[in-house]
file target22.cif (mmCIF, C-alpha atoms and all ligand atoms)
data_model
loop_
_atom_site.group_PDB
_atom_site.id
_atom_site.type_symbol
_atom_site.label_atom_id
_atom_site.label_comp_id
_atom_site.auth_asym_id
_atom_site.auth_seq_id
_atom_site.Cartn_x
_atom_site.Cartn_y
_atom_site.Cartn_z
ATOM 1 C CA MET A 13 -13.144 -23.435 -8.183
ATOM 2 C CA THR A 14 -13.372 -21.596 -4.901
ATOM 3 C CA ARG A 15 -10.260 -19.940 -3.598
ATOM 4 C CA LEU A 16 -10.039 -22.439 -0.744
ATOM 5 C CA SER A 17 -10.266 -25.528 -2.958
ATOM 6 C CA HIS A 18 -7.703 -23.869 -5.225
ATOM 7 C CA ILE A 19 -5.342 -23.641 -2.280
ATOM 8 C CA ALA A 20 -6.144 -27.222 -1.224
ATOM 9 C CA VAL A 21 -5.266 -28.488 -4.711
ATOM 10 C CA GLY A 22 -2.081 -26.460 -4.616
ATOM 11 C CA VAL A 23 -1.062 -27.966 -1.297
ATOM 12 C CA ALA A 24 -1.889 -31.492 -2.521
ATOM 13 C CA LEU A 25 0.152 -30.885 -5.685
ATOM 14 C CA LEU A 26 3.005 -29.565 -3.632
ATOM 15 C CA ALA A 27 2.981 -32.671 -1.428
ATOM 16 C CA ALA A 28 2.853 -34.965 -4.459
ATOM 17 C CA THR A 29 5.655 -33.265 -6.373
ATOM 18 C CA THR A 30 7.847 -33.007 -3.310
ATOM 19 C CA LEU A 31 7.462 -36.713 -2.633
ATOM 20 C CA SER A 32 8.274 -37.786 -6.170
ATOM 21 C CA GLY A 33 10.993 -35.134 -6.489
ATOM 22 C CA VAL A 34 9.982 -34.102 -10.009
ATOM 23 C CA ALA A 35 8.925 -30.500 -9.370
ATOM 24 C CA ARG A 36 10.317 -28.163 -12.027
ATOM 25 C CA ALA A 37 9.397 -24.601 -12.773
ATOM 26 C CA ASP A 38 8.009 -23.928 -16.232
ATOM 27 C CA ASN A 39 7.807 -20.403 -17.648
ATOM 28 C CA GLN A 40 4.373 -19.724 -16.182
ATOM 29 C CA ASP A 41 5.653 -20.797 -12.765
ATOM 30 C CA VAL A 42 8.503 -18.307 -13.032
ATOM 31 C CA ILE A 43 6.064 -15.492 -13.850
ATOM 32 C CA ASP A 44 3.540 -16.593 -11.198
ATOM 33 C CA TYR A 45 6.242 -16.732 -8.554
ATOM 34 C CA ARG A 46 7.624 -13.241 -9.135
ATOM 35 C CA GLN A 47 4.068 -11.878 -9.265
ATOM 36 C CA HIS A 48 3.272 -13.521 -5.905
ATOM 37 C CA ILE A 49 6.334 -11.791 -4.457
ATOM 38 C CA MET A 50 5.305 -8.403 -5.864
ATOM 39 C CA LYS A 51 1.706 -8.823 -4.678
ATOM 40 C CA THR A 52 3.007 -9.565 -1.188
ATOM 41 C CA LEU A 53 5.048 -6.352 -1.321
ATOM 42 C CA GLY A 54 1.932 -4.525 -2.502
ATOM 43 C CA GLU A 55 -0.244 -5.881 0.307
ATOM 44 C CA GLN A 56 2.350 -5.088 2.958
ATOM 45 C CA ALA A 57 3.062 -1.596 1.600
ATOM 46 C CA GLN A 58 -0.670 -0.856 1.658
ATOM 47 C CA SER A 59 -1.021 -2.278 5.159
ATOM 48 C CA LEU A 60 1.883 -0.150 6.358
ATOM 49 C CA ALA A 61 0.366 2.919 4.686
ATOM 50 C CA MET A 62 -2.893 2.293 6.568
ATOM 51 C CA VAL A 63 -0.968 2.090 9.841
ATOM 52 C CA MET A 64 0.805 5.365 8.970
ATOM 53 C CA GLN A 65 -2.536 7.018 8.296
ATOM 54 C CA GLY A 66 -3.875 5.909 11.656
ATOM 55 C CA LYS A 67 -6.390 3.562 10.021
ATOM 56 C CA ALA A 68 -4.789 0.366 11.340
ATOM 57 C CA PRO A 69 -3.089 -0.617 14.637
ATOM 58 C CA ALA A 70 0.137 1.322 15.284
ATOM 59 C CA GLU A 71 1.546 -1.639 17.220
ATOM 60 C CA ASN A 72 1.881 -3.547 13.917
ATOM 61 C CA VAL A 73 4.222 -1.066 12.254
ATOM 62 C CA ALA A 74 7.404 -3.071 12.874
ATOM 63 C CA ILE A 75 5.814 -6.314 11.712
ATOM 64 C CA HIS A 76 4.756 -4.835 8.370
ATOM 65 C CA ALA A 77 8.210 -3.352 7.902
ATOM 66 C CA GLN A 78 9.736 -6.753 8.650
ATOM 67 C CA LEU A 79 7.424 -8.492 6.196
ATOM 68 C CA LEU A 80 8.502 -5.960 3.572
ATOM 69 C CA ALA A 81 12.139 -6.652 4.422
ATOM 70 C CA VAL A 82 11.947 -10.437 4.149
ATOM 71 C CA THR A 83 9.866 -10.234 0.990
ATOM 72 C CA ALA A 84 12.186 -7.693 -0.643
ATOM 73 C CA ALA A 85 15.060 -10.091 -0.002
ATOM 74 C CA THR A 86 13.424 -12.575 -2.409
ATOM 75 C CA VAL A 87 13.011 -10.159 -5.342
ATOM 76 C CA GLU A 88 16.387 -10.529 -7.047
ATOM 77 C CA ALA A 89 16.298 -14.334 -7.231
ATOM 78 C CA ALA A 90 12.648 -14.273 -8.295
ATOM 79 C CA PHE A 91 13.442 -12.210 -11.405
ATOM 80 C CA LYS A 92 16.804 -13.742 -12.256
ATOM 81 C CA GLU A 93 15.565 -16.324 -14.737
ATOM 82 C CA LYS A 94 14.878 -14.631 -18.034
ATOM 83 C CA VAL A 95 11.247 -15.310 -18.831
ATOM 84 C CA ALA A 96 9.478 -12.560 -20.753
ATOM 85 C CA GLY A 97 5.833 -11.990 -19.930
ATOM 86 C CA GLY A 98 3.593 -10.815 -17.155
ATOM 87 C CA GLU A 99 4.120 -7.097 -16.719
ATOM 88 C CA SER A 100 7.903 -7.269 -16.919
ATOM 89 C CA LYS A 101 9.627 -5.356 -19.684
ATOM 90 C CA ALA A 102 12.474 -7.031 -21.573
ATOM 91 C CA ASP A 103 14.803 -4.450 -20.019
ATOM 92 C CA VAL A 104 14.686 -6.393 -16.725
ATOM 93 C CA TRP A 105 17.165 -8.800 -18.310
ATOM 94 C CA ALA A 106 18.722 -6.477 -20.893
ATOM 95 C CA LYS A 107 19.764 -4.200 -18.013
ATOM 96 C CA TRP A 108 20.062 -6.918 -15.389
ATOM 97 C CA ASP A 109 22.891 -5.251 -13.443
ATOM 98 C CA ASP A 110 20.755 -2.178 -12.832
ATOM 99 C CA PHE A 111 17.684 -4.265 -11.996
ATOM 100 C CA ALA A 112 19.680 -6.383 -9.542
ATOM 101 C CA LYS A 113 21.109 -3.212 -7.982
ATOM 102 C CA ARG A 114 17.608 -1.812 -7.487
ATOM 103 C CA SER A 115 16.479 -5.115 -5.940
ATOM 104 C CA LYS A 116 19.363 -5.005 -3.472
ATOM 105 C CA GLU A 117 18.642 -1.359 -2.733
ATOM 106 C CA LEU A 118 14.994 -2.115 -1.924
ATOM 107 C CA SER A 119 16.063 -4.995 0.258
ATOM 108 C CA ALA A 120 18.560 -2.824 2.163
ATOM 109 C CA ASN A 121 16.028 0.008 2.540
ATOM 110 C CA MET A 122 13.356 -2.323 3.891
ATOM 111 C CA ALA A 123 15.813 -3.926 6.323
ATOM 112 C CA ASP A 124 16.708 -0.451 7.571
ATOM 113 C CA LEU A 125 13.030 0.491 7.822
ATOM 114 C CA ALA A 126 12.337 -2.667 9.846
ATOM 115 C CA LYS A 127 15.156 -1.827 12.240
ATOM 116 C CA THR A 128 13.942 1.740 12.554
ATOM 117 C CA ALA A 129 10.371 0.615 13.195
ATOM 118 C CA GLN A 130 11.510 -1.859 15.813
ATOM 119 C CA ALA A 131 13.534 0.782 17.650
ATOM 120 C CA GLY A 132 11.449 3.905 17.226
ATOM 121 C CA GLY A 133 7.965 2.941 16.108
ATOM 122 C CA LEU A 134 5.695 4.951 13.864
ATOM 123 C CA ASP A 135 7.262 8.375 14.407
ATOM 124 C CA ALA A 136 10.722 7.113 13.466
ATOM 125 C CA VAL A 137 9.459 5.385 10.324
ATOM 126 C CA LYS A 138 7.482 8.322 8.914
ATOM 127 C CA PRO A 139 10.394 10.510 7.755
ATOM 128 C CA LYS A 140 12.104 7.533 6.085
ATOM 129 C CA MET A 141 9.168 6.334 4.024
ATOM 130 C CA ALA A 142 9.517 8.549 0.969
ATOM 131 C CA THR A 143 13.130 7.628 0.246
ATOM 132 C CA ALA A 144 12.859 3.986 1.362
ATOM 133 C CA MET A 145 9.963 3.066 -0.920
ATOM 134 C CA THR A 146 11.714 2.855 -4.280
ATOM 135 C CA CYS A 147 8.873 0.826 -5.805
ATOM 136 C CA LYS A 148 7.705 3.474 -8.236
ATOM 137 C CA GLY A 149 11.156 4.266 -9.594
ATOM 138 C CA CYS A 150 11.703 0.655 -10.577
ATOM 139 C CA HIS A 151 8.201 0.202 -11.982
ATOM 140 C CA GLU A 152 8.579 3.261 -14.198
ATOM 141 C CA ILE A 153 11.503 1.619 -15.951
ATOM 142 C CA TYR A 154 10.826 -2.098 -15.775
ATOM 143 C CA ARG A 155 7.095 -2.654 -15.454
ATOM 144 C CA GLU A 156 4.426 -2.351 -18.098
ATOM 145 C CA GLN A 157 1.228 -2.113 -16.126
ATOM 146 C CA LYS A 158 -1.536 -3.998 -17.926
ATOM 147 C CA LYS A 159 -4.292 -3.956 -15.326
HETATM 148 C C1 LIG A 201 13.760 -3.834 -8.790
HETATM 149 C C2 LIG A 201 12.526 -3.391 -9.390
HETATM 150 C C3 LIG A 201 11.256 -3.372 -8.602
HETATM 151 C C4 LIG A 201 11.079 -2.869 -7.334
HETATM 152 C C5 LIG A 201 12.104 -2.181 -6.447
HETATM 153 C C6 LIG A 201 9.697 -3.084 -7.004
HETATM 154 N N1 LIG A 201 9.044 -3.710 -8.042
HETATM 155 FE FE1 LIG A 201 7.088 -4.240 -8.080
HETATM 156 N N2 LIG A 201 7.308 -4.986 -9.957
HETATM 157 C C7 LIG A 201 8.476 -4.990 -10.686
HETATM 158 C C8 LIG A 201 8.261 -5.642 -11.966
HETATM 159 C C9 LIG A 201 9.276 -5.856 -13.063
HETATM 160 C C10 LIG A 201 6.901 -6.044 -11.983
HETATM 161 C C11 LIG A 201 6.173 -6.841 -13.091
HETATM 162 C C12 LIG A 201 6.277 -8.353 -12.766
HETATM 163 C C13 LIG A 201 5.662 -9.241 -13.837
HETATM 164 O O1 LIG A 201 4.407 -9.231 -13.958
HETATM 165 O O2 LIG A 201 6.404 -9.934 -14.552
HETATM 166 C C14 LIG A 201 6.328 -5.600 -10.709
HETATM 167 C C15 LIG A 201 4.996 -5.781 -10.339
HETATM 168 C C16 LIG A 201 4.429 -5.327 -9.165
HETATM 169 C C17 LIG A 201 3.037 -5.481 -8.792
HETATM 170 C C18 LIG A 201 1.949 -6.166 -9.630
HETATM 171 C C19 LIG A 201 1.905 -7.641 -9.239
HETATM 172 C C20 LIG A 201 0.786 -8.382 -9.952
HETATM 173 O O3 LIG A 201 1.086 -9.244 -10.798
HETATM 174 O O4 LIG A 201 -0.391 -8.099 -9.658
HETATM 175 C C21 LIG A 201 2.872 -4.923 -7.549
HETATM 176 C C22 LIG A 201 1.598 -4.843 -6.737
HETATM 177 C C23 LIG A 201 4.175 -4.413 -7.144
HETATM 178 N N3 LIG A 201 5.092 -4.676 -8.143
HETATM 179 C C24 LIG A 201 4.409 -3.777 -5.937
HETATM 180 C C25 LIG A 201 5.656 -3.310 -5.525
HETATM 181 C C26 LIG A 201 5.890 -2.598 -4.275
HETATM 182 C C27 LIG A 201 4.831 -2.232 -3.257
HETATM 183 C C28 LIG A 201 7.210 -2.311 -4.241
HETATM 184 C C29 LIG A 201 7.997 -1.556 -3.190
HETATM 185 C C30 LIG A 201 7.839 -1.938 -1.805
HETATM 186 C C31 LIG A 201 7.805 -2.831 -5.473
HETATM 187 N N4 LIG A 201 6.829 -3.422 -6.215
HETATM 188 C C32 LIG A 201 9.130 -2.703 -5.793
HETATM 189 C C33 LIG A 201 9.696 -4.454 -10.278
HETATM 190 C C34 LIG A 201 9.966 -3.889 -9.043
#

call {"tool": "encode", "arguments": {"input": "target22.cif", "output": "structure tokens", "more": "lines below"}}
Ligand code: HEC
result
Amino acid sequence: MTRLSHIAVGVALLAATTLSGVARADNQDVIDYRQHIMKTLGEQAQSLAMVMQGKAPAENVAIHAQLLAVTAATVEAAFKEKVAGGESKADVWAKWDDFAKRSKELSANMADLAKTAQAGGLDAVKPKMATAMTCKGCHEIYREQKK
């Protein structure tokens, strides 16, 4: 299937399940969902990095920071349901309090980054990047990279 027809089927399915009210997440849905969230973070972090490097429009800096902020706000709920698999280690749920704390921390950092970008643009964001992007620290503990 092409990517577009894949999306079309997804939208049709969504309409059908919403109408009949029987949509329920199975385990694969739970994994797919949290991976969509993480991929969005990945895309936006890379886009922001390109802006920082002068390879993409500087005027978009605040928008990428905002997209990171709204996406980061979905991380905790996306991982809450204990479903092993994907690239998540079992420790996500064994050490849930720490994982949840790191999710909140990312969310707060990205919200701050968005505010900073809005107010001060690229130059204000630059010095905050290294401490704000806590992605790697969490991955080192909770992610088992398979690809
Ligand atoms: C609170 C912990 C945590 C934080 C913070 C975090 N991640 Fe993740 N990330 C994970 C876990 C766990 C997985 C594995 C998910 C799975 O496959 O079940 C993951 C997976 C990913 C993936 C792979 C997605 C895929 O399936 O292809 C990308 C890309 C990613 N994260 C990017 C980011 C970026 C960028 C940031 C920072 C802006 C970030 N993450 C912050 C925990 C975190």

call {"tool": "residues_around", "arguments": {"input": "target22.cif", "residues": "Tyr154 of chain A", "least_positions_apart": "3", "cutoff": "12 Å", "atoms": "all atoms listed in the file", "output": "ChimeraX atom specification"}}
result
/A:91,96-108,110-112,114-115,147-151,157

call {"tool": "axis_aligned_box", "arguments": {"input": "target22.cif", "around": "ligand LIG 201 (chain A)", "padding_each_side": "3 Å", "output": "AutoDock Vina command-line options"}}
result
--center_x 6.7 --center_y -5.7 --center_z -8.2 --size_x 20.2 --size_y 14.4 --size_z 18.7

call {"tool": "residues_around", "arguments": {"input": "target22.cif", "residues": "Asn72 of chain A", "least_positions_apart": "3", "cutoff": "12 Å", "atoms": "only C-alpha atoms", "output": "NGL selection string"}}
result
:A and (56 or 59-64 or 66-69 or 75-79 or 126 or 129-130 or 133-134)

call {"tool": "residues_near_point", "arguments": {"input": "target22.cif", "point": "(13.7, -10.8, 7.0)", "cutoff": "12 Å", "atoms": "only C-alpha atoms", "output": "MDAnalysis selection string"}}
result
chainID A and resid 74:86 119:127

call {"tool": "closest_residue", "arguments": {"input": "target22.cif", "among": "A:Thr128, A:Gln40, A:Gln47, A:Thr52", "to": "ligand LIG 201 (chain A)", "atoms": "only C-alpha atoms and all ligand atoms"}}
result
A:Gln47

call {"tool": "closest_residue", "arguments": {"input": "target22.cif", "among": "A:Val87, A:Glu93, A:Ala70, A:Ser17", "to": "Asn39 of chain A", "atoms": "only C-alpha atoms"}}
result
A:Glu93

call {"tool": "atom_distance", "arguments": {"input": "target22.cif", "atom1": "atom C14 of ligand LIG 201 (chain A)", "atom2": "atom CA of Arg155 of chain A"}}
result
5.6 Å

call {"tool": "atom_distance", "arguments": {"input": "target22.cif", "atom1": "atom CA of Lys51 of chain A", "atom2": "atom C21 of ligand LIG 201 (chain A)"}}
result
5.0 Å

call {"tool": "closest_residue", "arguments": {"input": "target22.cif", "among": "A:Val42, A:Leu118, A:Ile19, A:Val95", "to": "ligand LIG 201 (chain A)", "atoms": "all atoms listed in the file"}}
result
A:Leu118

call {"tool": "decode", "arguments": {"input": "target22.cif", "residues": "segment 59-82 of chain A", "atoms": "N, CA, C and O atoms", "output": "JSON list (two decimals), in the first residue's frame"}}
result
[["chain", "number", "residue", "atom", "x", "y", "z"],
["A", 59, "SER", "N", 14.37, 19.27, 13.17],
["A", 59, "SER", "CA", 14.03, 20.51, 12.46],
["A", 59, "SER", "C", 14.61, 21.71, 13.19],
["A", 59, "SER", "O", 15.20, 22.61, 12.57],
["A", 60, "LEU", "N", 14.45, 21.70, 14.51],
["A", 60, "LEU", "CA", 14.99, 22.80, 15.32],
["A", 60, "LEU", "C", 16.51, 22.86, 15.20],
["A", 60, "LEU", "O", 17.10, 23.95, 15.07],
["A", 61, "ALA", "N", 17.15, 21.70, 15.21],
["A", 61, "ALA", "CA", 18.62, 21.66, 15.07],
["A", 61, "ALA", "C", 19.04, 22.27, 13.74],
["A", 61, "ALA", "O", 20.03, 23.00, 13.67],
["A", 62, "MET", "N", 18.28, 21.99, 12.68],
["A", 62, "MET", "CA", 18.61, 22.56, 11.36],
["A", 62, "MET", "C", 18.48, 24.09, 11.39],
["A", 62, "MET", "O", 19.31, 24.80, 10.80],
["A", 63, "VAL", "N", 17.44, 24.57, 12.08],
["A", 63, "VAL", "CA", 17.28, 26.02, 12.21],
["A", 63, "VAL", "C", 18.47, 26.60, 12.96],
["A", 63, "VAL", "O", 19.05, 27.62, 12.54],
["A", 64, "MET", "N", 18.88, 25.93, 14.05],
["A", 64, "MET", "CA", 20.01, 26.40, 14.85],
["A", 64, "MET", "C", 21.30, 26.47, 14.04],
["A", 64, "MET", "O", 22.15, 27.32, 14.27],
["A", 65, "GLN", "N", 21.43, 25.51, 13.11],
["A", 65, "GLN", "CA", 22.64, 25.45, 12.30],
["A", 65, "GLN", "C", 22.59, 26.39, 11.09],
["A", 65, "GLN", "O", 23.50, 26.39, 10.26],
["A", 66, "GLY", "N", 21.49, 27.13, 10.98],
["A", 66, "GLY", "CA", 21.37, 28.05, 9.86],
["A", 66, "GLY", "C", 21.01, 27.36, 8.56],
["A", 66, "GLY", "O", 21.14, 27.94, 7.48],
["A", 67, "LYS", "N", 20.52, 26.12, 8.64],
["A", 67, "LYS", "CA", 20.17, 25.37, 7.43],
["A", 67, "LYS", "C", 18.68, 25.41, 7.14],
["A", 67, "LYS", "O", 18.21, 24.78, 6.19],
["A", 68, "ALA", "N", 17.92, 26.06, 8.01],
["A", 68, "ALA", "CA", 16.47, 26.17, 7.83],
["A", 68, "ALA", "C", 16.05, 27.55, 8.36],
["A", 68, "ALA", "O", 16.79, 28.17, 9.13],
["A", 69, "PRO", "N", 14.85, 28.02, 7.97],
["A", 69, "PRO", "CA", 14.46, 29.41, 8.28],
["A", 69, "PRO", "C", 14.43, 29.74, 9.77],
["A", 69, "PRO", "O", 13.72, 29.09, 10.55],
["A", 70, "ALA", "N", 15.17, 30.78, 10.16],
["A", 70, "ALA", "CA", 15.25, 31.21, 11.56],
["A", 70, "ALA", "C", 13.89, 31.63, 12.10],
["A", 70, "ALA", "O", 13.60, 31.48, 13.28],
["A", 71, "GLU", "N", 13.02, 32.13, 11.20],
["A", 71, "GLU", "CA", 11.71, 32.61, 11.66],
["A", 71, "GLU", "C", 10.85, 31.47, 12.21],
["A", 71, "GLU", "O", 9.85, 31.73, 12.88],
["A", 72, "ASN", "N", 11.21, 30.22, 11.96],
["A", 72, "ASN", "CA", 10.42, 29.09, 12.45],
["A", 72, "ASN", "C", 10.85, 28.58, 13.82],
["A", 72, "ASN", "O", 10.26, 27.62, 14.33],
["A", 73, "VAL", "N", 11.84, 29.20, 14.41],
["A", 73, "VAL", "CA", 12.39, 28.65, 15.66],
["A", 73, "VAL", "C", 11.33, 28.49, 16.75],
["A", 73, "VAL", "O", 11.25, 27.46, 17.42],
["A", 74, "ALA", "N", 10.48, 29.50, 16.92],
["A", 74, "ALA", "CA", 9.48, 29.43, 18.00],
["A", 74, "ALA", "C", 8.41, 28.38, 17.71],
["A", 74, "ALA", "O", 7.89, 27.75, 18.64],
["A", 75, "ILE", "N", 8.12, 28.18, 16.45],
["A", 75, "ILE", "CA", 7.09, 27.18, 16.10],
["A", 75, "ILE", "C", 7.60, 25.77, 16.41],
["A", 75, "ILE", "O", 6.88, 24.96, 16.99],
["A", 76, "HIS", "N", 8.86, 25.50, 16.06],
["A", 76, "HIS", "CA", 9.40, 24.17, 16.37],
["A", 76, "HIS", "C", 9.46, 23.95, 17.88],
["A", 76, "HIS", "O", 9.15, 22.86, 18.38],
["A", 77, "ALA", "N", 9.84, 24.97, 18.60],
["A", 77, "ALA", "CA", 9.89, 24.85, 20.07],
["A", 77, "ALA", "C", 8.50, 24.61, 20.64],
["A", 77, "ALA", "O", 8.31, 23.81, 21.56],
["A", 78, "GLN", "N", 7.51, 25.26, 20.06],
["A", 78, "GLN", "CA", 6.12, 25.04, 20.51],
["A", 78, "GLN", "C", 5.65, 23.64, 20.19],
["A", 78, "GLN", "O", 4.97, 23.00, 21.00],
["A", 79, "LEU", "N", 5.99, 23.15, 19.00],
["A", 79, "LEU", "CA", 5.59, 21.79, 18.63],
["A", 79, "LEU", "C", 6.24, 20.78, 19.57],
["A", 79, "LEU", "O", 5.62, 19.78, 19.96],
["A", 80, "LEU", "N", 7.49, 21.04, 19.96],
["A", 80, "LEU", "CA", 8.15, 20.18, 20.94],
["A", 80, "LEU", "C", 7.41, 20.24, 22.28],
["A", 80, "LEU", "O", 7.20, 19.21, 22.93],
["A", 81, "ALA", "N", 6.98, 21.44, 22.65],
["A", 81, "ALA", "CA", 6.30, 21.61, 23.94],
["A", 81, "ALA", "C", 4.97, 20.87, 23.98],
["A", 81, "ALA", "O", 4.68, 20.13, 24.93],
["A", 82, "VAL", "N", 4.15, 21.04, 22.96],
["A", 82, "VAL", "CA", 2.85, 20.37, 22.97],
["A", 82, "VAL", "C", 3.01, 18.86, 22.85],
["A", 82, "VAL", "O", 2.27, 18.09, 23.48]]
